[in-house]
Amino acid sequence: MPEIKNTKQRLTIRIGRSTLSFSQPTEDGTDVLFEPYVVKSGVSMAANLREAFKTSELLMNPLKRVRVVLDTDVLMVPIEYFDEKRMEKMFFHTYPKKEQVAVCYNVQTDLNCVAVFAINKDLRLVIDDHFQDVNIVTAMSSVWHHLYYRSFTGNRNKLYAYFHEKRLEIFSFQQNRFKFCNSFDASRAHDSLYFLLYVWRQLQLEPEHDELHIVGDIPDQEWLVKELKKFVQNAYVINPVADFNRHPITEINSMPYDLQTLYIKGR
């Protein structure tokens with residue numbers, strides 16, 4: 001069984017817009033213990049996490065080191081224009097402040113950019129109260145890097161789309177940079193079809209030659225693929241089982257593709 005990459009001795013807390021889960025590698029580093037948590041609606045994520053420490057098996061005796069994976073809005077800044085002193089102003093200009101948050105960033109060296117995002121301050125306080133070593137990353141980071149290197153295969157331009165928690169992340173690469181990167185509301189399949197075809201046309205991709213790859217929790221997948229193929233000859237659904245060569249992690253029910261990618265490919 002293959003070893004899990006870059007995860008030893010670290011608990012991972014994945015915090016989505018309406019989901020929460022805990023995971024950590026087994027002692028021999030070949031498998032992952034995954035525990036989704038049922039989030040109570042109408043209660044803040046910080047309060048849900050506080051409650052989880054009372055009931056979650058993985059949080060009863062947690063490791064001292066934690067990686068927090070945030071599924072949240074991200075501002076992409078070219079690395080040559082990034083200024084840590086100005087990042088909060090830039091972020092709040094793009095995403096007006098609706099709550100008390102702390103702004104974080106991840107440098108995406110391979111892609112020559114910086115991902116700027118925010119975490120709720122109460123949520124951060126709960127995490128800091130329980131862990132000595134905290135590493136916060138955006139959930140998209142592992143997906144971007146895995147599909148960036150995947151895009152090297154063949155000589156066709158590729159457009160990627162990741163569906164998760166009723167959001168649609170669409171992105172494409174050119175050399176060692178993003179050519180396009182944006183997120184959209186994906187609660188309806190018809191809207192997702194419009195966004196995908198709009199971006200395809202905006203990037204002037206060729207319907208008979210270039211490729212569109214979609215992955216994740218795809219709404220009305222059969223219908224969406226059928227409609228896409230009317231306009232894009234090479235439209236494909238990425239199957240994680242095949243993508244990761246039948247890795248055991250792909251058999252874990254309800255584990256998001258970004259978390260599978262993080263454990264299998266590392267980041």
# chains A, B, ... in the order shown; residues from 1 in each chain; ligands from 1

call {"tool": "closest_atom_pairs", "arguments": {"of": "stretch 224-251 of chain A", "to": "stretch 177-201 of chain A", "cutoff": "10 Å", "atoms": "only C-alpha atoms", "output": "tab-separated table"}}
result
residue	atom	partner	partner_atom	distance
A:Leu224	CA	A:Ala189	CA	6.5
A:Val225	CA	A:Leu193	CA	9.0
A:Glu227	CA	A:Leu193	CA	7.7
A:Leu228	CA	A:Leu193	CA	7.0
A:Phe231	CA	A:Leu197	CA	8.0
A:Val232	CA	A:Leu197	CA	8.6

call {"tool": "select_by_dssp", "arguments": {"residues": "stretch 180-238 of chain A", "states": "strand (DSSP E)", "output": "list in words"}}
result
Phe180, Cys181, Asn182, Ser183, Phe184, Asp185, Glu211, Leu212, His213, Ile214, Val215, Gly216, Asn234, Ala235, Tyr236 and Val237 of chain A

call {"tool": "write_last_selection", "arguments": {"atoms": "all heavy atoms", "output": "compact mmCIF listing (two decimals), in the first residue's frame"}}
result
# COMPACT_ATOMS: atom_id res chain seq x y z
N PHE A 180 -6.19 31.61 -16.20
CA PHE A 180 -7.50 32.02 -15.72
C PHE A 180 -7.75 31.32 -14.39
O PHE A 180 -7.37 30.16 -14.20
CB PHE A 180 -8.60 31.62 -16.72
CG PHE A 180 -9.99 32.05 -16.30
CD1 PHE A 180 -10.49 33.28 -16.71
CD2 PHE A 180 -10.78 31.23 -15.51
CE1 PHE A 180 -11.76 33.69 -16.32
CE2 PHE A 180 -12.05 31.62 -15.12
CZ PHE A 180 -12.54 32.86 -15.52
N CYS A 181 -8.41 32.03 -13.46
CA CYS A 181 -8.77 31.42 -12.17
C CYS A 181 -9.90 32.24 -11.56
O CYS A 181 -9.72 33.43 -11.27
CB CYS A 181 -7.56 31.40 -11.23
SG CYS A 181 -7.88 30.59 -9.65
N ASN A 182 -11.06 31.60 -11.39
CA ASN A 182 -12.20 32.30 -10.80
C ASN A 182 -13.17 31.28 -10.23
O ASN A 182 -13.12 30.10 -10.56
CB ASN A 182 -12.89 33.18 -11.84
CG ASN A 182 -13.60 34.38 -11.21
OD1 ASN A 182 -13.82 34.43 -9.99
ND2 ASN A 182 -13.97 35.35 -12.03
N SER A 183 -14.06 31.74 -9.36
CA SER A 183 -15.07 30.85 -8.76
C SER A 183 -16.47 31.39 -9.01
O SER A 183 -16.66 32.61 -9.16
CB SER A 183 -14.82 30.71 -7.26
OG SER A 183 -14.92 31.96 -6.60
N PHE A 184 -17.44 30.47 -9.06
CA PHE A 184 -18.81 30.81 -9.40
C PHE A 184 -19.77 30.01 -8.54
O PHE A 184 -19.41 28.96 -8.00
CB PHE A 184 -19.09 30.50 -10.89
CG PHE A 184 -18.15 31.16 -11.84
CD1 PHE A 184 -16.95 30.53 -12.20
CD2 PHE A 184 -18.44 32.39 -12.39
CE1 PHE A 184 -16.07 31.13 -13.09
CE2 PHE A 184 -17.57 33.00 -13.29
CZ PHE A 184 -16.39 32.37 -13.64
N ASP A 185 -21.01 30.48 -8.46
CA ASP A 185 -22.07 29.74 -7.79
C ASP A 185 -22.47 28.54 -8.66
O ASP A 185 -22.80 28.72 -9.83
CB ASP A 185 -23.27 30.66 -7.57
CG ASP A 185 -24.46 29.95 -6.96
OD1 ASP A 185 -24.26 28.86 -6.38
OD2 ASP A 185 -25.58 30.47 -7.06
N GLU A 211 -9.23 20.68 -24.41
CA GLU A 211 -9.89 19.77 -23.48
C GLU A 211 -10.49 20.50 -22.28
O GLU A 211 -9.93 21.48 -21.79
CB GLU A 211 -8.89 18.72 -22.96
CG GLU A 211 -8.30 17.85 -24.05
CD GLU A 211 -7.26 16.88 -23.51
OE1 GLU A 211 -7.00 16.91 -22.28
OE2 GLU A 211 -6.70 16.10 -24.29
N LEU A 212 -11.63 19.97 -21.81
CA LEU A 212 -12.28 20.44 -20.59
C LEU A 212 -12.39 19.26 -19.63
O LEU A 212 -12.92 18.21 -19.99
CB LEU A 212 -13.67 20.99 -20.90
CG LEU A 212 -14.56 21.32 -19.70
CD1 LEU A 212 -13.94 22.40 -18.83
CD2 LEU A 212 -15.95 21.75 -20.17
N HIS A 213 -11.88 19.44 -18.41
CA HIS A 213 -11.90 18.38 -17.41
C HIS A 213 -12.64 18.89 -16.17
O HIS A 213 -12.29 19.93 -15.62
CB HIS A 213 -10.48 17.96 -17.01
CG HIS A 213 -9.68 17.40 -18.14
ND1 HIS A 213 -9.56 16.05 -18.36
CD2 HIS A 213 -8.96 18.01 -19.12
CE1 HIS A 213 -8.80 15.84 -19.42
NE2 HIS A 213 -8.42 17.02 -19.90
N ILE A 214 -13.67 18.14 -15.75
CA ILE A 214 -14.43 18.52 -14.57
C ILE A 214 -14.31 17.43 -13.52
O ILE A 214 -14.15 16.25 -13.83
CB ILE A 214 -15.91 18.81 -14.90
CG1 ILE A 214 -16.60 17.57 -15.47
CG2 ILE A 214 -16.01 19.97 -15.89
CD1 ILE A 214 -18.09 17.79 -15.75
N VAL A 215 -14.39 17.84 -12.23
CA VAL A 215 -14.19 16.89 -11.14
C VAL A 215 -14.93 17.39 -9.91
O VAL A 215 -15.24 18.58 -9.80
CB VAL A 215 -12.68 16.70 -10.84
CG1 VAL A 215 -12.07 17.98 -10.30
CG2 VAL A 215 -12.43 15.54 -9.89
N GLY A 216 -15.22 16.48 -9.00
CA GLY A 216 -15.84 16.87 -7.73
C GLY A 216 -17.29 16.47 -7.63
O GLY A 216 -17.74 15.52 -8.28
N ASN A 234 -13.94 17.45 -26.54
CA ASN A 234 -13.13 16.72 -25.56
C ASN A 234 -13.47 17.18 -24.14
O ASN A 234 -12.69 17.86 -23.48
CB ASN A 234 -11.64 16.92 -25.85
CG ASN A 234 -11.25 16.46 -27.24
OD1 ASN A 234 -11.43 15.30 -27.58
ND2 ASN A 234 -10.74 17.37 -28.05
N ALA A 235 -14.66 16.81 -23.68
CA ALA A 235 -15.09 17.12 -22.32
C ALA A 235 -15.07 15.83 -21.50
O ALA A 235 -15.67 14.83 -21.90
CB ALA A 235 -16.49 17.72 -22.33
N TYR A 236 -14.39 15.85 -20.36
CA TYR A 236 -14.20 14.63 -19.58
C TYR A 236 -14.50 14.88 -18.09
O TYR A 236 -14.32 15.99 -17.58
CB TYR A 236 -12.75 14.14 -19.69
CG TYR A 236 -12.25 13.98 -21.10
CD1 TYR A 236 -11.41 14.93 -21.68
CD2 TYR A 236 -12.62 12.87 -21.87
CE1 TYR A 236 -10.94 14.78 -22.98
CE2 TYR A 236 -12.15 12.72 -23.17
CZ TYR A 236 -11.32 13.68 -23.72
OH TYR A 236 -10.86 13.53 -25.01
N VAL A 237 -14.91 13.80 -17.42
CA VAL A 237 -15.05 13.81 -15.97
C VAL A 237 -13.85 13.09 -15.38
O VAL A 237 -13.55 11.95 -15.76
CB VAL A 237 -16.35 13.12 -15.52
CG1 VAL A 237 -16.42 13.06 -14.00
CG2 VAL A 237 -17.57 13.85 -16.08

call {"tool": "select_by_dssp", "arguments": {"residues": "stretch 49-208 of chain A", "states": "helix (DSSP H, G or I)", "output": "count of residues only"}}
result
60

call {"tool": "closest_atom_pairs", "arguments": {"of": "stretch 60-88 of chain A", "to": "stretch 254-263 of chain A", "cutoff": "12 Å", "atoms": "only C-alpha atoms", "output": "Markdown table"}}
result
| residue | atom | partner | partner_atom | distance |
| --- | --- | --- | --- | --- |
| A:Arg67 | CA | A:Leu262 | CA | 10.9 |
| A:Val68 | CA | A:Leu259 | CA | 11.1 |
| A:Val69 | CA | A:Leu259 | CA | 8.3 |
| A:Leu70 | CA | A:Asp258 | CA | 10.6 |
| A:Asp71 | CA | A:Asp258 | CA | 9.4 |

call {"tool": "atom_distance", "arguments": {"atom1": "atom CA of A:Arg167", "atom2": "atom CA of A:Val134"}}
result
26.3 Å

call {"tool": "residues_around", "arguments": {"residues": "stretch 27-36 of chain A", "least_positions_apart": "3", "cutoff": "12 Å", "atoms": "only C-alpha atoms", "output": "ChimeraX atom specification"}}
result
/A:1-16,18-24,39,49,52,55-59,247-256,259-260,262-264

call {"tool": "residues_around", "arguments": {"residues": "A:Val74", "least_positions_apart": "4", "cutoff": "12 Å", "atoms": "only C-alpha atoms", "output": "list in words"}}
result
Leu70, Met87, Met90, Phe91, Phe92, Thr94, Tyr95, Val103, Cys104, Tyr105, Asn106, Cys113, Val114, Ala115, Val116, Phe117, Ala118, Ile119, Val137, Thr138, Ala139, Met140, Ser141, Glu169, Cys181, Asn182 and Ser183 of chain A

call {"tool": "residues_around", "arguments": {"residues": "A:Asp217", "least_positions_apart": "3", "cutoff": "9 Å", "atoms": "only C-alpha atoms", "output": "JSON list (two decimals) with N, CA, C and O atoms, in the first residue's frame"}}
result
[["chain", "number", "residue", "atom", "x", "y", "z"],
["A", 162, "TYR", "N", -13.56, 22.45, -10.82],
["A", 162, "TYR", "CA", -13.74, 21.66, -9.60],
["A", 162, "TYR", "C", -15.02, 22.11, -8.90],
["A", 162, "TYR", "O", -15.16, 23.28, -8.52],
["A", 163, "PHE", "N", -15.97, 21.18, -8.73],
["A", 163, "PHE", "CA", -17.23, 21.44, -8.05],
["A", 163, "PHE", "C", -17.12, 21.01, -6.59],
["A", 163, "PHE", "O", -16.74, 19.87, -6.30],
["A", 164, "HIS", "N", -17.48, 21.90, -5.68],
["A", 164, "HIS", "CA", -17.47, 21.55, -4.26],
["A", 164, "HIS", "C", -18.33, 22.54, -3.48],
["A", 164, "HIS", "O", -18.27, 23.74, -3.68],
["A", 165, "GLU", "N", -19.17, 21.98, -2.61],
["A", 165, "GLU", "CA", -20.03, 22.78, -1.74],
["A", 165, "GLU", "C", -20.79, 23.88, -2.50],
["A", 165, "GLU", "O", -20.79, 25.04, -2.11],
["A", 166, "LYS", "N", -21.38, 23.48, -3.63],
["A", 166, "LYS", "CA", -22.17, 24.38, -4.47],
["A", 166, "LYS", "C", -21.35, 25.54, -5.02],
["A", 166, "LYS", "O", -21.88, 26.60, -5.36],
["A", 221, "GLN", "N", -24.65, 15.44, -13.17],
["A", 221, "GLN", "CA", -23.45, 15.16, -13.97],
["A", 221, "GLN", "C", -23.77, 14.64, -15.37],
["A", 221, "GLN", "O", -23.19, 15.12, -16.35],
["A", 256, "PRO", "N", -13.62, 14.87, 0.33],
["A", 256, "PRO", "CA", -13.56, 15.74, -0.86],
["A", 256, "PRO", "C", -12.32, 15.47, -1.70],
["A", 256, "PRO", "O", -11.28, 15.04, -1.19],
["A", 257, "TYR", "N", -12.43, 15.77, -2.98],
["A", 257, "TYR", "CA", -11.32, 15.55, -3.90],
["A", 257, "TYR", "C", -10.09, 16.36, -3.49],
["A", 257, "TYR", "O", -8.96, 15.88, -3.63]]

call {"tool": "closest_residue", "arguments": {"among": "A:Thr26, A:Gln100, A:Asn239, A:Asn48", "to": "A:Val126", "atoms": "only C-alpha atoms"}}
result
A:Asn48

call {"tool": "residues_around", "arguments": {"residues": "stretch 155-157 of chain A", "least_positions_apart": "6", "cutoff": "12 Å", "atoms": "only C-alpha atoms", "output": "JSON list (two decimals) with all heavy atoms, in the first residue's frame"}}
result
[["chain", "number", "residue", "atom", "x", "y", "z"],
["A", 148, "TYR", "N", -2.19, 21.25, -12.31],
["A", 148, "TYR", "CA", -1.15, 21.98, -13.06],
["A", 148, "TYR", "C", -0.16, 20.99, -13.67],
["A", 148, "TYR", "O", 0.14, 21.05, -14.87],
["A", 148, "TYR", "CB", -0.44, 22.95, -12.12],
["A", 148, "TYR", "CG", 0.85, 23.53, -12.67],
["A", 148, "TYR", "CD1", 0.85, 24.35, -13.80],
["A", 148, "TYR", "CD2", 2.06, 23.24, -12.06],
["A", 148, "TYR", "CE1", 2.02, 24.87, -14.30],
["A", 148, "TYR", "CE2", 3.24, 23.76, -12.55],
["A", 148, "TYR", "CZ", 3.22, 24.59, -13.67],
["A", 148, "TYR", "OH", 4.40, 25.09, -14.17],
["A", 171, "PHE", "N", -10.30, 27.04, -13.78],
["A", 171, "PHE", "CA", -8.95, 27.55, -13.92],
["A", 171, "PHE", "C", -8.23, 26.88, -15.08],
["A", 171, "PHE", "O", -8.58, 25.78, -15.53],
["A", 171, "PHE", "CB", -8.15, 27.37, -12.62],
["A", 171, "PHE", "CG", -8.22, 26.00, -12.02],
["A", 171, "PHE", "CD1", -7.22, 25.07, -12.24],
["A", 171, "PHE", "CD2", -9.28, 25.64, -11.22],
["A", 171, "PHE", "CE1", -7.28, 23.81, -11.70],
["A", 171, "PHE", "CE2", -9.36, 24.36, -10.65],
["A", 171, "PHE", "CZ", -8.35, 23.46, -10.89],
["A", 172, "SER", "N", -7.23, 27.58, -15.57],
["A", 172, "SER", "CA", -6.41, 27.09, -16.67],
["A", 172, "SER", "C", -5.00, 27.62, -16.48],
["A", 172, "SER", "O", -4.79, 28.65, -15.79],
["A", 172, "SER", "CB", -6.99, 27.57, -18.00],
["A", 172, "SER", "OG", -6.22, 27.09, -19.09],
["A", 173, "PHE", "N", -4.03, 26.93, -17.06],
["A", 173, "PHE", "CA", -2.64, 27.31, -16.88],
["A", 173, "PHE", "C", -1.97, 27.61, -18.21],
["A", 173, "PHE", "O", -2.34, 27.05, -19.26],
["A", 173, "PHE", "CB", -1.87, 26.19, -16.19],
["A", 173, "PHE", "CG", -2.49, 25.72, -14.91],
["A", 173, "PHE", "CD1", -3.21, 24.53, -14.87],
["A", 173, "PHE", "CD2", -2.38, 26.46, -13.75],
["A", 173, "PHE", "CE1", -3.80, 24.08, -13.69],
["A", 173, "PHE", "CE2", -2.96, 26.03, -12.57],
["A", 173, "PHE", "CZ", -3.67, 24.83, -12.54],
["A", 174, "GLN", "N", -0.99, 28.47, -18.16],
["A", 174, "GLN", "CA", -0.16, 28.76, -19.33],
["A", 174, "GLN", "C", 1.27, 28.87, -18.85],
["A", 174, "GLN", "O", 1.59, 29.76, -18.04],
["A", 174, "GLN", "CB", -0.60, 30.04, -20.03],
["A", 174, "GLN", "CG", 0.12, 30.30, -21.34],
["A", 174, "GLN", "CD", -0.47, 31.48, -22.08],
["A", 174, "GLN", "OE1", -0.73, 32.54, -21.51],
["A", 174, "GLN", "NE2", -0.71, 31.31, -23.37],
["A", 175, "GLN", "N", 2.13, 27.95, -19.30],
["A", 175, "GLN", "CA", 3.50, 27.85, -18.81],
["A", 175, "GLN", "C", 3.46, 27.65, -17.30],
["A", 175, "GLN", "O", 2.84, 26.72, -16.81],
["A", 175, "GLN", "CB", 4.30, 29.08, -19.24],
["A", 175, "GLN", "CG", 4.44, 29.19, -20.76],
["A", 175, "GLN", "CD", 5.19, 30.41, -21.20],
["A", 175, "GLN", "OE1", 5.39, 31.36, -20.45],
["A", 175, "GLN", "NE2", 5.62, 30.40, -22.46],
["A", 179, "LYS", "N", -3.58, 31.07, -16.29],
["A", 179, "LYS", "CA", -4.11, 31.83, -17.41],
["A", 179, "LYS", "C", -5.48, 32.38, -17.03],
["A", 179, "LYS", "O", -5.88, 33.47, -17.47],
["A", 179, "LYS", "CB", -4.23, 30.94, -18.65],
["A", 179, "LYS", "CG", -4.67, 31.68, -19.90],
["A", 179, "LYS", "CD", -4.68, 30.74, -21.10],
["A", 179, "LYS", "CE", -5.08, 31.48, -22.38],
["A", 179, "LYS", "NZ", -5.08, 30.57, -23.55],
["A", 200, "TRP", "N", -14.75, 29.15, -21.49],
["A", 200, "TRP", "CA", -14.16, 28.49, -22.66],
["A", 200, "TRP", "C", -14.05, 29.46, -23.83],
["A", 200, "TRP", "O", -13.01, 29.57, -24.49],
["A", 200, "TRP", "CB", -15.02, 27.29, -23.04],
["A", 200, "TRP", "CG", -14.50, 26.49, -24.20],
["A", 200, "TRP", "CD1", -14.71, 26.74, -25.53],
["A", 200, "TRP", "CD2", -13.66, 25.32, -24.14],
["A", 200, "TRP", "NE1", -14.08, 25.80, -26.30],
["A", 200, "TRP", "CE2", -13.42, 24.92, -25.48],
["A", 200, "TRP", "CE3", -13.12, 24.58, -23.10],
["A", 200, "TRP", "CZ2", -12.65, 23.80, -25.78],
["A", 200, "TRP", "CZ3", -12.34, 23.47, -23.42],
["A", 200, "TRP", "CH2", -12.12, 23.09, -24.74],
["A", 203, "LEU", "N", -11.49, 32.36, -23.22],
["A", 203, "LEU", "CA", -10.09, 31.96, -23.40],
["A", 203, "LEU", "C", -9.78, 31.56, -24.84],
["A", 203, "LEU", "O", -8.65, 31.18, -25.15],
["A", 203, "LEU", "CB", -9.76, 30.80, -22.46],
["A", 203, "LEU", "CG", -9.85, 31.10, -20.96],
["A", 203, "LEU", "CD1", -9.52, 29.86, -20.14],
["A", 203, "LEU", "CD2", -8.93, 32.25, -20.59],
["A", 204, "GLN", "N", -10.81, 31.61, -25.71],
["A", 204, "GLN", "CA", -10.66, 31.30, -27.13],
["A", 204, "GLN", "C", -10.09, 29.89, -27.34],
["A", 204, "GLN", "O", -9.22, 29.67, -28.18],
["A", 204, "GLN", "CB", -9.78, 32.35, -27.82],
["A", 204, "GLN", "CG", -10.37, 33.76, -27.76],
["A", 204, "GLN", "CD", -9.53, 34.79, -28.47],
["A", 204, "GLN", "OE1", -8.30, 34.68, -28.53],
["A", 204, "GLN", "NE2", -10.18, 35.80, -29.03],
["A", 205, "LEU", "N", -10.62, 28.95, -26.56],
["A", 205, "LEU", "CA", -10.21, 27.56, -26.72],
["A", 205, "LEU", "C", -10.93, 26.95, -27.93],
["A", 205, "LEU", "O", -12.02, 27.38, -28.30],
["A", 205, "LEU", "CB", -10.53, 26.78, -25.45],
["A", 205, "LEU", "CG", -9.76, 27.25, -24.20],
["A", 205, "LEU", "CD1", -10.30, 26.58, -22.95],
["A", 205, "LEU", "CD2", -8.27, 26.99, -24.35],
["A", 206, "GLU", "N", -10.31, 25.93, -28.50],
["A", 206, "GLU", "CA", -10.84, 25.33, -29.73],
["A", 206, "GLU", "C", -11.74, 24.14, -29.40],
["A", 206, "GLU", "O", -11.29, 23.18, -28.78],
["A", 206, "GLU", "CB", -9.69, 24.88, -30.62],
["A", 206, "GLU", "CG", -8.76, 26.02, -31.06],
["A", 206, "GLU", "CD", -7.61, 25.53, -31.91],
["A", 206, "GLU", "OE1", -7.69, 24.38, -32.40],
["A", 206, "GLU", "OE2", -6.63, 26.29, -32.08],
["A", 207, "PRO", "N", -13.00, 24.17, -29.83],
["A", 207, "PRO", "CA", -13.96, 23.10, -29.49],
["A", 207, "PRO", "C", -13.55, 21.72, -29.99],
["A", 207, "PRO", "O", -13.86, 20.71, -29.36],
["A", 207, "PRO", "CB", -15.25, 23.56, -30.16],
["A", 207, "PRO", "CG", -15.10, 25.04, -30.33],
["A", 207, "PRO", "CD", -13.63, 25.26, -30.58],
["A", 208, "GLU", "N", -12.85, 21.63, -31.13],
["A", 208, "GLU", "CA", -12.49, 20.33, -31.69],
["A", 208, "GLU", "C", -11.14, 19.82, -31.20],
["A", 208, "GLU", "O", -10.81, 18.66, -31.42],
["A", 208, "GLU", "CB", -12.46, 20.40, -33.22],
["A", 208, "GLU", "CG", -13.80, 20.70, -33.88],
["A", 208, "GLU", "CD", -14.13, 22.19, -33.86],
["A", 208, "GLU", "OE1", -13.19, 23.00, -33.63],
["A", 208, "GLU", "OE2", -15.30, 22.55, -34.06],
["A", 209, "HIS", "N", -10.36, 20.68, -30.55],
["A", 209, "HIS", "CA", -8.99, 20.29, -30.22],
["A", 209, "HIS", "C", -8.69, 20.31, -28.72],
["A", 209, "HIS", "O", -8.14, 19.35, -28.18],
["A", 209, "HIS", "CB", -8.00, 21.20, -30.94],
["A", 209, "HIS", "CG", -6.57, 20.87, -30.69],
["A", 209, "HIS", "ND1", -5.82, 21.50, -29.71],
["A", 209, "HIS", "CD2", -5.75, 19.95, -31.25],
["A", 209, "HIS", "CE1", -4.59, 20.99, -29.70],
["A", 209, "HIS", "NE2", -4.52, 20.04, -30.61],
["A", 210, "ASP", "N", -9.06, 21.38, -28.03],
["A", 210, "ASP", "CA", -8.70, 21.54, -26.62],
["A", 210, "ASP", "C", -9.59, 20.73, -25.70],
["A", 210, "ASP", "O", -10.59, 20.15, -26.14],
["A", 210, "ASP", "CB", -8.72, 23.03, -26.25],
["A", 210, "ASP", "CG", -7.68, 23.82, -27.03],
["A", 210, "ASP", "OD1", -6.58, 23.27, -27.28],
["A", 210, "ASP", "OD2", -7.95, 24.98, -27.40],
["A", 211, "GLU", "N", -9.23, 20.68, -24.41],
["A", 211, "GLU", "CA", -9.89, 19.77, -23.48],
["A", 211, "GLU", "C", -10.49, 20.50, -22.28],
["A", 211, "GLU", "O", -9.93, 21.48, -21.79],
["A", 211, "GLU", "CB", -8.89, 18.72, -22.96],
["A", 211, "GLU", "CG", -8.30, 17.85, -24.05],
["A", 211, "GLU", "CD", -7.26, 16.88, -23.51],
["A", 211, "GLU", "OE1", -7.00, 16.91, -22.28],
["A", 211, "GLU", "OE2", -6.70, 16.10, -24.29],
["A", 212, "LEU", "N", -11.63, 19.97, -21.81],
["A", 212, "LEU", "CA", -12.28, 20.44, -20.59],
["A", 212, "LEU", "C", -12.39, 19.26, -19.63],
["A", 212, "LEU", "O", -12.92, 18.21, -19.99],
["A", 212, "LEU", "CB", -13.67, 20.99, -20.90],
["A", 212, "LEU", "CG", -14.56, 21.32, -19.70],
["A", 212, "LEU", "CD1", -13.94, 22.40, -18.83],
["A", 212, "LEU", "CD2", -15.95, 21.75, -20.17],
["A", 213, "HIS", "N", -11.88, 19.44, -18.41],
["A", 213, "HIS", "CA", -11.90, 18.38, -17.41],
["A", 213, "HIS", "C", -12.64, 18.89, -16.17],
["A", 213, "HIS", "O", -12.29, 19.93, -15.62],
["A", 213, "HIS", "CB", -10.48, 17.96, -17.01],
["A", 213, "HIS", "CG", -9.68, 17.40, -18.14],
["A", 213, "HIS", "ND1", -9.56, 16.05, -18.36],
["A", 213, "HIS", "CD2", -8.96, 18.01, -19.12],
["A", 213, "HIS", "CE1", -8.80, 15.84, -19.42],
["A", 213, "HIS", "NE2", -8.42, 17.02, -19.90],
["A", 234, "ASN", "N", -13.94, 17.45, -26.54],
["A", 234, "ASN", "CA", -13.13, 16.72, -25.56],
["A", 234, "ASN", "C", -13.47, 17.18, -24.14],
["A", 234, "ASN", "O", -12.69, 17.86, -23.48],
["A", 234, "ASN", "CB", -11.64, 16.92, -25.85],
["A", 234, "ASN", "CG", -11.25, 16.46, -27.24],
["A", 234, "ASN", "OD1", -11.43, 15.30, -27.58],
["A", 234, "ASN", "ND2", -10.74, 17.37, -28.05]]

call {"tool": "atom_distance", "arguments": {"atom1": "atom CA of A:Leu125", "atom2": "atom CA of A:Lys64"}}
result
15.2 Å

call {"tool": "atom_distance", "arguments": {"atom1": "atom CA of A:Gln108", "atom2": "atom CA of A:Asp73"}}
result
15.9 Å
